[in-house]
file work.txt (compact mmCIF, C-alpha atoms)
# COMPACT_ATOMS: atom_id res chain seq x y z
CA MET A 1383 -133.17 -50.57 -93.79
CA LYS A 1384 -133.66 -47.46 -91.71
CA LEU A 1385 -130.64 -46.46 -89.64
CA PRO A 1386 -131.33 -45.59 -85.99
CA ASP A 1387 -130.14 -42.00 -86.54
CA ASP A 1388 -132.12 -41.64 -89.73
CA ARG A 1389 -135.30 -40.30 -88.14
CA HIS A 1390 -136.27 -37.06 -86.47
CA TYR A 1391 -136.38 -37.28 -82.71
CA THR A 1392 -139.28 -36.06 -80.60
CA GLU A 1393 -138.86 -32.97 -78.45
CA GLU A 1394 -139.11 -35.17 -75.35
CA GLU A 1395 -136.27 -37.37 -76.61
CA LEU A 1396 -134.14 -34.31 -77.35
CA LEU A 1397 -134.79 -32.86 -73.90
CA MET A 1398 -133.89 -36.18 -72.25
CA HIS A 1399 -130.72 -36.28 -74.37
CA LEU A 1400 -129.78 -32.79 -73.18
CA LEU A 1401 -130.29 -33.84 -69.57
CA GLY A 1402 -128.46 -37.13 -70.05
CA GLU A 1403 -131.63 -39.06 -69.25
CA GLU A 1404 -132.14 -40.88 -72.53
CA VAL A 1405 -131.96 -44.63 -72.91
CA SER A 1406 -128.22 -45.28 -73.33
CA GLU A 1407 -128.54 -47.06 -76.67
CA ILE A 1408 -130.05 -44.08 -78.46
CA GLY A 1409 -127.70 -41.48 -76.96
CA SER A 1410 -125.03 -41.84 -79.64
CA ALA A 1411 -127.66 -42.12 -82.39
CA ILE A 1412 -129.19 -38.80 -81.31
CA ALA A 1413 -125.75 -37.18 -81.11
CA SER A 1414 -124.85 -38.20 -84.65
CA HIS A 1415 -128.33 -37.26 -85.92
CA LEU A 1416 -127.96 -33.78 -84.43
CA GLN A 1417 -124.83 -33.20 -86.47
CA LYS A 1418 -126.73 -33.85 -89.68
CA CYS A 1419 -130.23 -32.54 -89.00
CA GLY A 1420 -130.70 -28.79 -88.71
CA GLN A 1421 -134.34 -29.12 -87.64
CA CYS A 1422 -133.61 -31.30 -84.60
CA ARG A 1423 -130.49 -29.27 -83.83
CA ALA A 1424 -132.60 -26.09 -83.67
CA VAL A 1425 -134.95 -27.70 -81.13
CA PHE A 1426 -132.00 -29.04 -79.14
CA GLN A 1427 -130.34 -25.62 -79.06
CA ASP A 1428 -133.62 -24.06 -77.99
CA PHE A 1429 -133.69 -26.47 -75.02
CA GLN A 1430 -130.07 -25.60 -74.24
CA LEU A 1431 -130.91 -21.88 -74.08
CA LEU A 1432 -134.00 -22.64 -72.03
CA GLN A 1433 -131.95 -24.67 -69.56
CA LYS A 1434 -129.54 -21.74 -69.24
CA SER A 1435 -132.43 -19.40 -68.46
CA ILE A 1436 -133.86 -21.84 -65.92
CA LEU A 1437 -130.52 -22.18 -64.15
CA ALA A 1438 -130.25 -18.39 -63.96
CA TRP A 1439 -132.95 -18.54 -61.27
CA LYS A 1440 -130.90 -18.00 -58.16
CA VAL A 1441 -131.98 -18.30 -54.56
CA PRO A 1442 -131.54 -15.38 -52.13
CA GLU A 1443 -129.05 -16.07 -49.41
CA ALA A 1444 -129.97 -14.94 -45.91
CA SER A 1445 -127.20 -13.82 -43.58
CA GLU A 1446 -125.32 -16.41 -41.55
CA ASP A 1447 -126.70 -14.82 -38.36
CA VAL A 1448 -130.24 -15.71 -39.38
CA TRP A 1449 -129.28 -19.33 -39.97
CA LEU A 1450 -127.26 -19.46 -36.80
CA ALA A 1451 -130.23 -18.27 -34.73
CA ARG A 1452 -132.42 -20.91 -36.33
CA LYS A 1453 -129.82 -23.57 -35.76
CA VAL A 1454 -129.65 -22.67 -32.07
CA GLN A 1455 -133.45 -23.11 -31.83
CA LEU A 1456 -133.20 -26.47 -33.54
CA MET A 1457 -130.39 -27.70 -31.34
CA ASN A 1458 -132.36 -26.68 -28.25
CA LEU A 1459 -135.18 -28.86 -29.47
CA PHE A 1460 -132.72 -31.69 -29.97
CA ARG A 1461 -131.41 -31.33 -26.42
CA GLU A 1462 -134.86 -31.16 -24.87
CA ASP A 1463 -136.41 -34.07 -26.75
CA PRO A 1464 -135.40 -37.37 -25.21
CA SER A 1465 -137.33 -39.47 -27.74
CA GLN A 1466 -134.37 -39.77 -30.07
CA ARG A 1467 -131.96 -40.99 -27.42
CA ARG A 1468 -130.80 -44.55 -27.06
CA GLY A 1469 -132.26 -46.55 -24.23
CA GLU A 1470 -135.76 -45.76 -25.41
CA GLY A 1471 -138.73 -47.19 -23.53
CA PHE A 1472 -140.60 -50.38 -24.30
CA LEU A 1473 -143.52 -48.65 -26.02
CA PRO A 1474 -141.39 -46.74 -28.59
CA PHE A 1475 -139.45 -49.95 -29.17
CA LEU A 1476 -142.68 -51.86 -29.77
CA THR A 1477 -143.98 -49.12 -32.06
CA ARG A 1478 -140.76 -49.25 -34.06
CA LEU A 1479 -141.01 -53.04 -34.28
CA VAL A 1480 -144.58 -52.86 -35.57
CA GLN A 1481 -143.63 -50.09 -38.00
CA GLY A 1482 -140.72 -52.20 -39.24
CA ALA A 1483 -142.97 -55.22 -39.73
CA TRP A 1484 -145.53 -53.09 -41.52
CA SER A 1485 -142.98 -51.60 -43.92
CA TYR A 1486 -141.60 -55.11 -44.56
CA ALA A 1487 -145.14 -56.27 -45.34
CA LEU A 1488 -145.64 -53.40 -47.78
CA GLU A 1489 -142.34 -54.09 -49.51
CA ASN A 1490 -142.78 -57.88 -49.61
CA PRO A 1491 -146.51 -58.60 -49.76
CA LEU A 1492 -146.26 -62.19 -51.03
CA PRO A 1493 -143.82 -63.59 -48.44
CA THR A 1494 -145.78 -61.75 -45.75
CA LEU A 1495 -149.00 -63.35 -46.92
CA ALA A 1496 -147.30 -66.74 -46.84
CA TYR A 1497 -146.07 -66.15 -43.27
CA VAL A 1498 -149.55 -65.09 -42.17
CA ILE A 1499 -151.15 -68.16 -43.76
CA VAL A 1500 -148.64 -70.48 -42.09
CA ALA A 1501 -149.07 -68.79 -38.73
CA VAL A 1502 -152.86 -68.94 -38.92
CA ALA A 1503 -152.78 -72.55 -40.07
CA PHE A 1504 -150.61 -73.62 -37.16
CA ALA A 1505 -152.59 -71.63 -34.69
CA SER A 1506 -155.85 -73.14 -35.81
CA GLU A 1507 -157.34 -76.25 -34.33
CA ARG A 1508 -158.42 -77.32 -37.75
CA THR A 1509 -154.78 -77.90 -38.65
CA ILE A 1510 -154.74 -80.90 -36.30
CA THR A 1511 -157.70 -82.52 -37.99
CA LEU A 1512 -156.68 -81.39 -41.46
CA PHE A 1513 -153.29 -83.05 -41.31
CA ARG A 1514 -154.62 -85.99 -39.21
CA LEU A 1515 -152.25 -85.07 -36.41
CA ASP A 1516 -154.69 -86.58 -33.90
CA ARG A 1517 -154.24 -89.98 -35.54
CA ILE A 1518 -150.47 -89.62 -35.65
CA LEU A 1519 -150.44 -88.79 -31.95
CA LEU A 1520 -152.63 -91.82 -31.16
CA ALA A 1521 -150.43 -94.07 -33.25
CA THR A 1522 -147.34 -92.73 -31.50
CA ASN A 1523 -148.87 -93.47 -28.11
CA GLU A 1524 -149.67 -97.03 -29.19
CA VAL A 1525 -146.10 -97.58 -30.45
CA LEU A 1526 -144.73 -96.22 -27.18
CA ALA A 1527 -146.99 -98.58 -25.18
CA ILE A 1528 -145.81 -101.59 -27.21
CA LEU A 1529 -142.20 -100.55 -26.77
CA ARG A 1530 -142.70 -100.19 -23.02
CA GLN A 1531 -144.18 -103.75 -22.85
CA VAL A 1532 -141.35 -105.20 -24.92
CA LEU A 1533 -138.69 -103.51 -22.85
CA MET B 247 -112.58 -33.68 -41.82
CA THR B 248 -116.26 -33.35 -41.06
CA SER B 249 -117.29 -33.54 -44.72
CA SER B 250 -115.92 -37.06 -45.06
CA ILE B 251 -118.45 -38.44 -42.59
CA SER B 252 -121.18 -40.22 -44.50
CA ASP B 253 -124.84 -39.27 -44.15
CA GLU B 254 -125.54 -42.71 -42.74
CA ASN B 255 -123.02 -42.19 -39.95
CA LEU B 256 -124.45 -38.78 -39.18
CA VAL B 257 -127.97 -40.18 -39.02
CA GLU B 258 -126.79 -42.97 -36.76
CA GLY B 259 -125.00 -40.45 -34.57
CA THR B 260 -128.12 -38.29 -34.37
CA LEU B 261 -130.22 -41.28 -33.39
CA GLY B 262 -127.65 -42.05 -30.74
CA GLY B 263 -128.15 -38.60 -29.26
CA GLU B 264 -125.00 -36.97 -30.66
CA GLU B 265 -125.75 -33.30 -30.97
CA ASN B 266 -122.77 -32.70 -33.23
CA ALA B 267 -124.01 -35.24 -35.78
CA PHE B 268 -127.35 -33.50 -36.14
CA SER B 269 -125.62 -30.15 -36.32
CA GLN B 270 -123.51 -31.43 -39.23
CA LEU B 271 -126.56 -32.75 -41.03
CA TYR B 272 -128.11 -29.32 -40.70
CA ASP B 273 -125.01 -27.56 -42.00
CA ARG B 274 -124.72 -29.98 -44.90
CA TYR B 275 -128.32 -29.77 -46.07
CA ARG B 276 -129.60 -26.40 -44.94
CA ARG B 277 -128.82 -24.69 -48.27
CA PRO B 278 -130.18 -27.31 -50.69
CA VAL B 279 -133.32 -27.72 -48.58
CA PHE B 280 -133.84 -23.97 -48.50
CA SER B 281 -133.33 -23.67 -52.25
CA THR B 282 -135.92 -26.40 -52.93
CA VAL B 283 -138.40 -24.76 -50.60
CA TYR B 284 -137.75 -21.26 -51.86
CA ARG B 285 -138.36 -22.22 -55.47
CA ILE B 286 -141.71 -23.72 -54.52
CA ILE B 287 -142.93 -21.12 -52.04
CA GLN B 288 -141.13 -18.19 -53.67
CA ASP B 289 -140.96 -16.14 -50.52
CA ALA B 290 -137.62 -16.00 -48.74
CA GLU B 291 -138.89 -15.50 -45.20
CA GLU B 292 -141.57 -18.17 -45.43
CA ALA B 293 -139.04 -20.49 -47.04
CA GLN B 294 -136.74 -20.00 -44.04
CA ASP B 295 -139.58 -20.91 -41.67
CA ALA B 296 -140.47 -23.93 -43.77
CA THR B 297 -136.83 -25.04 -43.83
CA GLN B 298 -136.79 -24.94 -40.07
CA GLU B 299 -140.00 -26.98 -39.91
CA ILE B 300 -138.52 -29.50 -42.34
CA PHE B 301 -135.52 -30.06 -40.08
CA VAL B 302 -137.81 -30.58 -37.11
CA LYS B 303 -139.79 -33.06 -39.20
CA LEU B 304 -136.60 -34.70 -40.36
CA TYR B 305 -135.37 -35.10 -36.81
CA ARG B 306 -138.62 -36.76 -35.78
CA ALA B 307 -138.81 -38.99 -38.85
CA LEU B 308 -135.16 -40.00 -38.93
CA ARG B 309 -135.88 -43.52 -37.72
CA SER B 310 -138.17 -44.17 -40.66
CA TRP B 311 -135.43 -43.50 -43.24
CA ASN B 312 -134.52 -46.74 -44.95
CA PRO B 313 -131.04 -46.54 -46.55
CA ARG B 314 -131.83 -49.52 -48.75
CA LYS B 315 -134.76 -47.68 -50.28
CA ALA B 316 -133.34 -44.22 -50.96
CA LYS B 317 -130.26 -42.11 -50.48
CA PHE B 318 -130.53 -39.79 -47.49
CA SER B 319 -130.40 -36.67 -49.67
CA THR B 320 -133.14 -37.97 -51.99
CA TRP B 321 -135.32 -38.84 -49.02
CA LEU B 322 -134.73 -35.43 -47.46
CA TYR B 323 -135.45 -33.52 -50.70
CA ARG B 324 -138.70 -35.39 -51.04
CA LEU B 325 -139.63 -34.47 -47.48
CA ALA B 326 -138.67 -30.87 -48.23
CA ALA B 327 -140.58 -30.68 -51.52
CA ASN B 328 -143.72 -32.19 -50.00
CA HIS B 329 -143.62 -29.86 -47.03
CA ALA B 330 -142.99 -26.88 -49.28
CA ILE B 331 -145.97 -27.78 -51.46
CA ASP B 332 -148.15 -27.99 -48.34
CA CYS B 333 -146.92 -24.55 -47.26
CA TRP B 334 -147.48 -23.19 -50.75
CA ARG B 335 -151.10 -24.45 -50.69
CA VAL B 336 -151.74 -22.79 -47.32
CA ARG B 337 -150.20 -19.61 -48.65
CA ARG B 338 -152.33 -19.67 -51.77
CA ARG B 339 -155.53 -20.30 -49.79
CA ARG B 340 -154.62 -17.42 -47.51
CA ALA B 341 -153.99 -15.18 -50.51
CA GLU B 342 -157.29 -16.21 -52.09
CA SER B 343 -159.26 -15.47 -48.94
CA GLN B 344 -157.77 -11.99 -48.65
CA ILE B 345 -159.28 -9.03 -50.46
CA PRO B 346 -157.26 -8.70 -53.65
CA ASP B 347 -155.26 -5.55 -54.08
CA ASP B 348 -153.31 -4.44 -57.14
CA SER B 349 -149.86 -5.41 -55.95
CA ALA B 350 -150.92 -8.88 -54.82
CA GLU B 351 -152.08 -9.73 -58.30
CA ARG B 352 -148.62 -9.52 -59.74
CA ALA B 353 -145.60 -11.74 -59.09
CA PRO B 354 -145.31 -13.69 -55.82
CA ARG B 355 -143.99 -11.60 -52.95
CA GLU B 356 -140.23 -11.43 -52.63
CA ASN B 357 -138.12 -10.73 -49.63
CA PRO B 358 -136.74 -7.24 -50.36
CA LEU B 359 -133.45 -8.24 -48.77
CA GLY B 360 -133.26 -11.32 -50.92
CA GLU B 361 -134.06 -9.28 -54.02
CA ALA B 362 -131.27 -6.85 -53.25
CA ILE B 363 -128.76 -9.60 -52.72
CA ARG B 364 -129.91 -11.65 -55.64
CA SER B 365 -129.79 -9.50 -58.68
CA PRO B 366 -127.73 -6.35 -58.65
CA TYR B 367 -125.72 -7.41 -61.71
CA HIS B 368 -128.34 -9.26 -63.66
CA GLU B 369 -129.33 -7.94 -67.01
CA VAL B 370 -132.90 -6.71 -67.22
CA GLU B 371 -133.83 -9.28 -69.84
CA SER B 372 -132.54 -12.22 -67.86
CA LYS B 373 -134.31 -10.93 -64.74
CA GLU B 374 -137.54 -10.71 -66.68
CA LYS B 375 -137.03 -14.24 -67.92
CA VAL B 376 -136.44 -15.51 -64.40
CA ASP B 377 -139.62 -13.75 -63.26
CA GLU B 378 -141.55 -15.43 -66.07
CA ILE B 379 -140.07 -18.80 -65.09
CA ARG B 380 -140.97 -18.24 -61.44
CA ARG B 381 -144.54 -17.37 -62.29
CA CYS B 382 -144.84 -20.35 -64.56
CA VAL B 383 -143.37 -22.77 -61.97
CA ASP B 384 -145.84 -21.36 -59.45
CA SER B 385 -148.73 -22.41 -61.68
CA LEU B 386 -147.48 -25.92 -62.46
CA PRO B 387 -149.28 -28.97 -61.02
CA ASP B 388 -147.62 -30.34 -57.87
CA LEU B 389 -145.84 -33.31 -59.40
CA GLN B 390 -144.50 -31.32 -62.36
CA LYS B 391 -143.27 -28.63 -60.00
CA LYS B 392 -141.52 -31.14 -57.80
CA VAL B 393 -139.89 -33.02 -60.68
CA PHE B 394 -138.84 -29.78 -62.37
CA ILE B 395 -137.12 -28.40 -59.26
CA LEU B 396 -135.48 -31.63 -58.19
CA ARG B 397 -134.17 -32.39 -61.68
CA TYR B 398 -132.93 -28.96 -62.74
CA PHE B 399 -131.67 -27.61 -59.45
CA HIS B 400 -130.65 -30.68 -57.50
CA GLU B 401 -129.72 -32.82 -60.46
CA LEU B 402 -131.49 -35.85 -59.08
CA LYS B 403 -131.78 -38.52 -61.73
CA LEU B 404 -135.29 -39.11 -63.03
CA GLU B 405 -135.05 -42.73 -61.93
CA GLU B 406 -134.37 -41.61 -58.36
CA ILE B 407 -137.33 -39.24 -58.47
CA ALA B 408 -139.56 -42.00 -59.86
CA GLU B 409 -138.53 -44.32 -57.06
CA MET B 410 -138.99 -41.63 -54.46
CA GLU B 411 -142.44 -40.69 -55.78
CA ASP B 412 -143.43 -44.30 -56.31
CA CYS B 413 -144.27 -43.52 -59.95
CA SER B 414 -143.16 -45.03 -63.22
CA LEU B 415 -140.16 -43.50 -64.97
CA GLY B 416 -142.43 -42.67 -67.89
CA THR B 417 -144.72 -40.57 -65.69
CA ILE B 418 -141.77 -38.65 -64.31
CA LYS B 419 -140.29 -38.08 -67.78
CA THR B 420 -143.63 -36.81 -69.04
CA SER B 421 -144.00 -34.53 -66.01
CA LEU B 422 -140.58 -33.00 -66.59
CA PHE B 423 -141.21 -32.60 -70.30
CA ARG B 424 -144.58 -30.93 -69.72
CA ALA B 425 -143.13 -28.58 -67.12
CA THR B 426 -140.25 -27.66 -69.43
CA GLN B 427 -142.62 -27.15 -72.36
CA ALA B 428 -144.88 -24.92 -70.25
CA ILE B 429 -141.92 -22.71 -69.41
CA ARG B 430 -140.69 -22.77 -72.98
CA ARG B 431 -144.12 -21.66 -74.22
CA THR B 432 -144.33 -18.91 -71.61
CA LEU B 433 -140.92 -17.54 -72.55
CA ARG B 434 -141.77 -17.69 -76.25
CA ARG B 435 -145.02 -15.87 -75.67
CA SER B 436 -143.34 -13.14 -73.65
CA ARG B 437 -140.61 -12.86 -76.31
CA GLY B 438 -143.34 -12.44 -78.90
CA LEU B 439 -145.00 -9.68 -76.89
CA ARG B 440 -141.83 -7.66 -76.56

call {"tool": "encode", "arguments": {"input": "work.txt", "output": "structure tokens"}}
result
Amino acid sequence: MKLPDDRHYTEEELLMHLLGEEVSEIGSAIASHLQKCGQCRAVFQDFQLLQKSILAWKVPEASEDVWLARKVQLMNLFREDPSQRRGEGFLPFLTRLVQGAWSYALENPLPTLAYVIVAVAFASERTITLFRLDRILLATNEVLAILRQVL
Amino acid sequence: MTSSISDENLVEGTLGGEENAFSQLYDRYRRPVFSTVYRIIQDAEEAQDATQEIFVKLYRALRSWNPRKAKFSTWLYRLAANHAIDCWRVRRRRAESQIPDDSAERAPRENPLGEAIRSPYHEVESKEKVDEIRRCVDSLPDLQKKVFILRYFHELKLEEIAEMEDCSLGTIKTSLFRATQAIRRTLRRSRGLR
């Protein structure tokens, strides 16, 4: 039987191993394979060097004054814009409610569909005839009339 | 300590109109947002402008952040990467519509100040490598570029990126692998030329 660390690993698997993104079960198998296989080790080491070169790409740092000036602009915007404050108006509240319902619908399409079907069914006149509610109501009225006479 | 306040509390504070909360969010995320944007746009000054725009966007979109769906940082980096890619497209279109001159054909424009700060002690070879990497990242497809930057420089897990991009984990893994291979090939080629 072939052992799990008895095969060569693909370059993608070796890269994922380097980045700690491999499926956990094969992590130790790759590690032990790398100790034995020079071919896979060479690829792995190549990725290690590559990663080092990639991480050598640094970002220029602007002076604190530049950031401070930009922060002041941003905070002015924050102060001037009342839309983020509590006590918002009815329209923003309604918009948020609709947005919330919409995102719920996107996340949970099946329950939403069920709710819509139930709501439409109850709102429809056909529901009354479909479930024979008219007859139930009539029967209830008759029972009430009899009860009234008896009492 | 300000750093112990969670992102969720700062977001809640911002939504409640607390100026200090928004200020702390800015201080906490200004650098990582800028570094994401810079690596996509590759121009320090434009990256600063884009960072500012991202915070304005963030402030306006704060109510739509759903903590159950994504961490605040992941959500913000996605916003930043998407905005940066939009800016990069505008920049490229602008560059294409301009009459080409010799200098514009080479590497993307750098902020001279940034250049001076960035690499006084770097070895020539490593600087050349970084330039090759920058050029290669600039030519990657959008998704590969995004995954590459978020995984290598922000250490977001691929699963997080997949969730954030609404893609399968396999797609994200392939994107990262292809981006890494493209850079590997470029560096090999340039090594071969030298």

call {"tool": "atom_distance", "arguments": {"input": "work.txt", "atom1": "atom CA of B:Ile395", "atom2": "atom CA of B:Ala327"}}
result
8.8 Å

call {"tool": "atom_distance", "arguments": {"input": "work.txt", "atom1": "atom CA of B:Asp377", "atom2": "atom CA of B:Leu322"}}
result
27.3 Å

call {"tool": "interface_residues", "arguments": {"input": "work.txt", "of": "chain B", "to": "chain A", "cutoff": "8 Å", "atoms": "only C-alpha atoms", "output": "ChimeraX atom specification"}}
result
/B:260-263,265,269,272,281,284-285,290,298,301-302,306,360-361,363-364,372,375-376,379,398-399,403-404,420,423,430

call {"tool": "atom_distance", "arguments": {"input": "work.txt", "atom1": "atom CA of B:Leu433", "atom2": "atom CA of B:Gln288"}}
result
18.9 Å

call {"tool": "residues_around", "arguments": {"input": "work.txt", "residues": "B:Val393", "least_positions_apart": "4", "cutoff": "12 Å", "atoms": "only C-alpha atoms", "output": "PyMOL selection string"}}
result
chain B and resi 282+286+323-324+327-328+383+386-389+397-411+413+415+417-426

call {"tool": "residues_around", "arguments": {"input": "work.txt", "residues": "B:Asp295", "least_positions_apart": "6", "cutoff": "10 Å", "atoms": "all atoms listed in the file", "output": "list of chain:residue names"}}
result
A:Arg1452, B:Phe280, B:Val283, B:Cys333

call {"tool": "axis_aligned_box", "arguments": {"input": "work.txt", "around": "stretch 1481-1489 of chain A", "padding_each_side": "6 Å", "output": "lines of an AutoDock Vina configuration file"}}
result
center_x = -143.2
center_y = -53.2
center_z = -43.8
size_x = 16.9
size_y = 18.2
size_z = 23.5

call {"tool": "build_atoms", "arguments": {"input": "work.txt", "residues": "stretch 405-430 of chain B", "atoms": "N, CA and C atoms", "output": "JSON list (two decimals), in the coordinates of the input"}}
result
[["chain", "number", "residue", "atom", "x", "y", "z"],
["B", 405, "GLU", "N", -134.77, -41.41, -62.53],
["B", 405, "GLU", "CA", -135.05, -42.73, -61.93],
["B", 405, "GLU", "C", -135.19, -42.62, -60.41],
["B", 406, "GLU", "N", -134.31, -41.82, -59.82],
["B", 406, "GLU", "CA", -134.37, -41.61, -58.36],
["B", 406, "GLU", "C", -135.69, -40.97, -57.98],
["B", 407, "ILE", "N", -136.08, -39.95, -58.78],
["B", 407, "ILE", "CA", -137.33, -39.24, -58.47],
["B", 407, "ILE", "C", -138.51, -40.21, -58.60],
["B", 408, "ALA", "N", -138.46, -41.04, -59.65],
["B", 408, "ALA", "CA", -139.56, -42.00, -59.86],
["B", 408, "ALA", "C", -139.67, -42.94, -58.67],
["B", 409, "GLU", "N", -138.53, -43.40, -58.19],
["B", 409, "GLU", "CA", -138.53, -44.32, -57.06],
["B", 409, "GLU", "C", -139.08, -43.63, -55.81],
["B", 410, "MET", "N", -138.61, -42.41, -55.63],
["B", 410, "MET", "CA", -138.99, -41.63, -54.46],
["B", 410, "MET", "C", -140.49, -41.29, -54.47],
["B", 411, "GLU", "N", -141.03, -41.05, -55.67],
["B", 411, "GLU", "CA", -142.44, -40.69, -55.78],
["B", 411, "GLU", "C", -143.33, -41.91, -55.97],
["B", 412, "ASP", "N", -142.69, -43.07, -56.09],
["B", 412, "ASP", "CA", -143.43, -44.30, -56.31],
["B", 412, "ASP", "C", -144.25, -44.22, -57.60],
["B", 413, "CYS", "N", -143.62, -43.68, -58.64],
["B", 413, "CYS", "CA", -144.27, -43.52, -59.95],
["B", 413, "CYS", "C", -143.42, -44.24, -60.98],
["B", 414, "SER", "N", -143.98, -44.43, -62.16],
["B", 414, "SER", "CA", -143.16, -45.03, -63.22],
["B", 414, "SER", "C", -142.22, -43.96, -63.79],
["B", 415, "LEU", "N", -141.13, -44.43, -64.38],
["B", 415, "LEU", "CA", -140.16, -43.50, -64.97],
["B", 415, "LEU", "C", -140.82, -42.69, -66.08],
["B", 416, "GLY", "N", -141.73, -43.35, -66.81],
["B", 416, "GLY", "CA", -142.43, -42.67, -67.89],
["B", 416, "GLY", "C", -143.24, -41.48, -67.39],
["B", 417, "THR", "N", -143.92, -41.67, -66.27],
["B", 417, "THR", "CA", -144.72, -40.57, -65.69],
["B", 417, "THR", "C", -143.83, -39.40, -65.33],
["B", 418, "ILE", "N", -142.68, -39.71, -64.75],
["B", 418, "ILE", "CA", -141.77, -38.65, -64.31],
["B", 418, "ILE", "C", -141.19, -37.93, -65.52],
["B", 419, "LYS", "N", -140.83, -38.70, -66.56],
["B", 419, "LYS", "CA", -140.29, -38.08, -67.78],
["B", 419, "LYS", "C", -141.32, -37.15, -68.39],
["B", 420, "THR", "N", -142.56, -37.63, -68.45],
["B", 420, "THR", "CA", -143.63, -36.81, -69.04],
["B", 420, "THR", "C", -143.85, -35.55, -68.21],
["B", 421, "SER", "N", -143.80, -35.70, -66.88],
["B", 421, "SER", "CA", -144.00, -34.53, -66.01],
["B", 421, "SER", "C", -142.92, -33.48, -66.27],
["B", 422, "LEU", "N", -141.68, -33.94, -66.37],
["B", 422, "LEU", "CA", -140.58, -33.00, -66.59],
["B", 422, "LEU", "C", -140.72, -32.34, -67.96],
["B", 423, "PHE", "N", -141.08, -33.14, -68.95],
["B", 423, "PHE", "CA", -141.21, -32.60, -70.30],
["B", 423, "PHE", "C", -142.32, -31.56, -70.34],
["B", 424, "ARG", "N", -143.45, -31.88, -69.71],
["B", 424, "ARG", "CA", -144.58, -30.93, -69.72],
["B", 424, "ARG", "C", -144.22, -29.63, -68.99],
["B", 425, "ALA", "N", -143.53, -29.78, -67.87],
["B", 425, "ALA", "CA", -143.13, -28.58, -67.12],
["B", 425, "ALA", "C", -142.19, -27.73, -67.97],
["B", 426, "THR", "N", -141.23, -28.39, -68.61],
["B", 426, "THR", "CA", -140.25, -27.66, -69.43],
["B", 426, "THR", "C", -140.96, -26.99, -70.61],
["B", 427, "GLN", "N", -141.89, -27.72, -71.22],
["B", 427, "GLN", "CA", -142.62, -27.15, -72.36],
["B", 427, "GLN", "C", -143.45, -25.95, -71.93],
["B", 428, "ALA", "N", -144.06, -26.05, -70.73],
["B", 428, "ALA", "CA", -144.88, -24.92, -70.25],
["B", 428, "ALA", "C", -144.02, -23.67, -70.12],
["B", 429, "ILE", "N", -142.81, -23.86, -69.59],
["B", 429, "ILE", "CA", -141.92, -22.71, -69.41],
["B", 429, "ILE", "C", -141.43, -22.21, -70.78],
["B", 430, "ARG", "N", -141.15, -23.14, -71.63],
["B", 430, "ARG", "CA", -140.69, -22.77, -72.98],
["B", 430, "ARG", "C", -141.76, -21.93, -73.69]]
